[in-house]
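J.: The structure under discussion is supplied below as structure tokens; questions concerning it will follow.
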Amino acid sequence: MGRVTSTDRRTALRTGAGLLAAGAFTAGCAPNGAVAHSSSVAHSSMAHTSTPTDSPTASPAPSPHGYPGQPAQLTHGPRTRPRVALTFHGQGDPAIARSLLTTAEKHGARLTVLAVGTWLDAQPELARRILDGGHDLGNHTQRHLAVNTMSEADARTEITACAGRLKKLTGSIGTWFRPSRAPLASPQVVRLAREAGYPHVLSYDVDSLDYTRPGADAVARKVLGEVRGGSVVSLHFGYPDTVAALPVVLEELARRGLSAVPTTELFS
């Protein structure tokens with residue numbers, strides 16, 4: 001697998017340090033609702049720091065698509081194709097989000113972003129930035145709480161509120177739904193997501209654990225040690241380690257002949 005060279009590390013750490021100075025950390029999605037705390041969660045959840053654009057600025061974005069014969073919860077795509085999906089939990093400092101999107105595009109890769117509704121409220125322009133870059137955009141609940149543990153009414157609100165925000169910003173509820181604070185949705189959340197318009201819940205088979213802040217080398221090793229054709233990788237906006245690791249991951253994927261594609265392409 002690829003390794004982080006000293007040159008890579010110096011460049012990445014300079015990038016990460018600059019972003020860290022801007023207040024880059026946010027909470028990750030840990031199994032069983034565990035929270036990876038950070039010093040700037042309040043920053044990322046300030047829903048009224050800017051005024052959302054409540055009408056689409058371009059043609060409507062793609063809508064959810066059903067895949068006949070596939071399960072309600074998708075953890076990976078076809079293993080016979082040389083494609084993988086790098087999926088990002090959309091929350092955190094927008095400078096890191098833009099850096100990751102730009103890095104992916106420079107490497108010819110396209111990502112999938114599952115956005116938190118309050119994050120979109122704070123920086124609505126990022127919805128169109130994601131789509132204009134050729135990336136998938138989906139729903140990661142409105143407030144990034146433990147949706148599996150909520151009452152039916154509260155869980156429904158978490159899903160539909162974020163769907164509504166995406167609809168206002170892009171003309172679509174997004175192509176995917178992913179539960180917050182859990183890798184898999186409960187049966188209730190699967191049903192509520194389907195009722196909201198999402199035929200499938202998007203999970204993953206490779207967890208980068210970047211939200212634990214293990215360092216760029218560890219993030220790259222974890223992803224590259226487990227990824228294979230069809231994999232769906234879980235990553236996060238908001239962590240300088242991820243910024244530093246992404247070029248290494250993309251270069252090694254390319255060396256292995258694996259393309260990083262939007263999740264809609266992975267399953268099509």
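Going through the structure tokens in order, the chains are called A, B, and so on, while each chain numbers its residues from 1 and the ligands are numbered from 1 in the order shown.
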So which residues of range 61-263 of chain A fall under strand (DSSP E) by DSSP, listed as a PyMOL selection string?
T.: chain A and resi 73-74+83-90+112-115+136-139+201-202+206-207+232-236+259-260
J.: Neighbouring residues of range 151-161 of chain A were defined as those with any atom within 8 Å, considering only C-alpha atoms; residues of the same chain fewer than 3 positions away were excluded. Please report them as a PyMOL selection string.
T.: chain A and resi 117+139-143+147-148+164-165+188-189+192-193+196
J.: Convert the current residue selection to file output with N, CA and C atoms, as a PDB file, in the first residue's frame.
T.:
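Below is the file part-v6.pdb, written as the result:
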```
ATOM      1  N   GLY A 117     -28.016  19.158   8.046  1.00  0.00           N
ATOM      2  CA  GLY A 117     -28.861  20.299   7.717  1.00  0.00           C
ATOM      3  C   GLY A 117     -28.399  21.601   8.333  1.00  0.00           C
ATOM      4  N   ASN A 139     -28.281  13.393   2.408  1.00  0.00           N
ATOM      5  CA  ASN A 139     -28.895  13.798   3.677  1.00  0.00           C
ATOM      6  C   ASN A 139     -28.256  13.040   4.833  1.00  0.00           C
ATOM      7  N   HIS A 140     -27.739  13.780   5.812  1.00  0.00           N
ATOM      8  CA  HIS A 140     -27.156  13.170   7.011  1.00  0.00           C
ATOM      9  C   HIS A 140     -27.853  13.662   8.282  1.00  0.00           C
ATOM     10  N   THR A 141     -29.149  13.874   8.160  1.00  0.00           N
ATOM     11  CA  THR A 141     -30.047  14.374   9.208  1.00  0.00           C
ATOM     12  C   THR A 141     -29.840  15.865   9.453  1.00  0.00           C
ATOM     13  N   GLN A 142     -30.793  16.461  10.138  1.00  0.00           N
ATOM     14  CA  GLN A 142     -30.774  17.905  10.336  1.00  0.00           C
ATOM     15  C   GLN A 142     -29.758  18.361  11.382  1.00  0.00           C
ATOM     16  N   ARG A 143     -29.657  17.631  12.511  1.00  0.00           N
ATOM     17  CA  ARG A 143     -28.819  18.122  13.610  1.00  0.00           C
ATOM     18  C   ARG A 143     -27.693  17.168  14.002  1.00  0.00           C
ATOM     19  N   VAL A 147     -29.975   9.385  15.684  1.00  0.00           N
ATOM     20  CA  VAL A 147     -31.310   9.261  15.124  1.00  0.00           C
ATOM     21  C   VAL A 147     -31.949   7.916  15.439  1.00  0.00           C
ATOM     22  N   ASN A 148     -31.147   6.857  15.576  1.00  0.00           N
ATOM     23  CA  ASN A 148     -31.711   5.531  15.858  1.00  0.00           C
ATOM     24  C   ASN A 148     -32.390   5.450  17.216  1.00  0.00           C
ATOM     25  N   GLY A 164     -35.722  18.818   3.339  1.00  0.00           N
ATOM     26  CA  GLY A 164     -36.305  20.086   2.937  1.00  0.00           C
ATOM     27  C   GLY A 164     -35.261  21.142   2.654  1.00  0.00           C
ATOM     28  N   ARG A 165     -34.221  21.183   3.478  1.00  0.00           N
ATOM     29  CA  ARG A 165     -33.143  22.140   3.248  1.00  0.00           C
ATOM     30  C   ARG A 165     -32.452  21.853   1.918  1.00  0.00           C
ATOM     31  N   GLN A 188     -36.811   1.242  12.024  1.00  0.00           N
ATOM     32  CA  GLN A 188     -37.682   2.416  12.009  1.00  0.00           C
ATOM     33  C   GLN A 188     -37.114   3.510  11.116  1.00  0.00           C
ATOM     34  N   VAL A 189     -35.820   3.778  11.229  1.00  0.00           N
ATOM     35  CA  VAL A 189     -35.200   4.842  10.436  1.00  0.00           C
ATOM     36  C   VAL A 189     -35.164   4.462   8.961  1.00  0.00           C
ATOM     37  N   LEU A 192     -38.633   5.267   7.747  1.00  0.00           N
ATOM     38  CA  LEU A 192     -38.871   6.705   7.674  1.00  0.00           C
ATOM     39  C   LEU A 192     -38.102   7.327   6.499  1.00  0.00           C
ATOM     40  N   ALA A 193     -36.896   6.853   6.266  1.00  0.00           N
ATOM     41  CA  ALA A 193     -36.125   7.353   5.128  1.00  0.00           C
ATOM     42  C   ALA A 193     -36.829   7.010   3.820  1.00  0.00           C
ATOM     43  N   ALA A 196     -39.638   9.251   3.251  1.00  0.00           N
ATOM     44  CA  ALA A 196     -39.182  10.599   2.885  1.00  0.00           C
ATOM     45  C   ALA A 196     -38.691  10.671   1.449  1.00  0.00           C
TER      46      ALA A 196
END
```
J.: Could you tell me how far CA of Pro124 in chain A lies from CA of Leu169 in chain A, in Å and to one decimal?
T.: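 Distance reported for this atom pair: 7.1 Å.
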J.: Could you tell me how far CA of Leu235 in chain A sits from CA of Arg221 in chain A, in Å to one decimal place?
T.: 13.3 Å
J.: Could you pull the residues within 10 Å of Thr263 in chain A, counting only C-alpha atoms, minus those fewer than 5 positions along the same chain, as a PyMOL selection string?
T.: chain A and resi 76-77+83-87+110-113+135-137+175-176+202+230-232+268
J.: Would you kindly return, as JSON, numbers by chain, each protein, DNA or RNA residue with an atom no farther than 12 Å from any atom of Val201 in chain A, considering only C-alpha atoms and excluding same-chain residues fewer than 2 positions away?
T.: {"A": [64, 65, 66, 67, 70, 71, 72, 73, 74, 75, 76, 114, 138, 139, 140, 159, 175, 176, 177, 178, 179, 180, 182, 183, 184, 185, 186, 187, 188, 189, 190, 191, 192, 193, 194, 195, 196, 197, 198, 199, 203, 204, 263]}
J.: With only C-alpha atoms as the atoms that count, which of A:Ser63, A:Pro82, A:Thr242, A:Val206 lies nearest to Thr264 in chain A?
T.: A:Ser63
J.: Can you list, as a list in words, every protein, DNA or RNA residue that comes within 8 Å of Leu100 in chain A when you count only C-alpha atoms, leaving out same-chain residues fewer than 4 positions away?
T.: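 Contacts, with the query itself left out: Ile96, Ala104, Phe237, Val243 and Leu246 of chain A.
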J.: Take the residues from that selection and write them out as a PDB file, in the first residue's frame, keeping C-alpha atoms.
T.:
```pdb
ATOM      1  CA  ILE A  96     -11.569  21.997   5.106  1.00  0.00           C
ATOM      2  CA  ALA A 104     -10.294  15.242  -5.045  1.00  0.00           C
ATOM      3  CA  PHE A 237     -15.091  16.929   6.712  1.00  0.00           C
ATOM      4  CA  VAL A 243      -6.885  16.643   4.356  1.00  0.00           C
ATOM      5  CA  LEU A 246      -6.502  12.197   1.022  1.00  0.00           C
TER       6      LEU A 246
END
```
J.: Could you pull out the residues in range 27-267 of chain A that DSSP calls helix (DSSP H, G or I) from the backbone, as a ChimeraX atom specification?
T.: /A:31-33,41-44,94-106,117-122,125-132,147-149,152-170,187-196,210-212,216-226,240-255,263-267
J.: Between CA of Pro240 in chain A and CA of Arg256 in chain A, what distance in Å does the model show, to one decimal?
T.: 25.1 Å
J.: Could you tell me which of A:Ser172, A:Thr103, A:Gln91, A:Ser234 comes closest to Asp207 in chain A if we count only C-alpha atoms?
T.: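 Using only C-alpha atoms, the shortest distance to Asp207 in chain A belongs to A:Ser234.
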J.: Any idea what's packed within 9 Å of Leu253 in chain A, counting only C-alpha atoms, ignoring anything in its chain fewer than 3 positions away? Could you give it as an MDAnalysis selection string?
T.: chainID A and resid 1:2 84 224 227 248:250 256:260
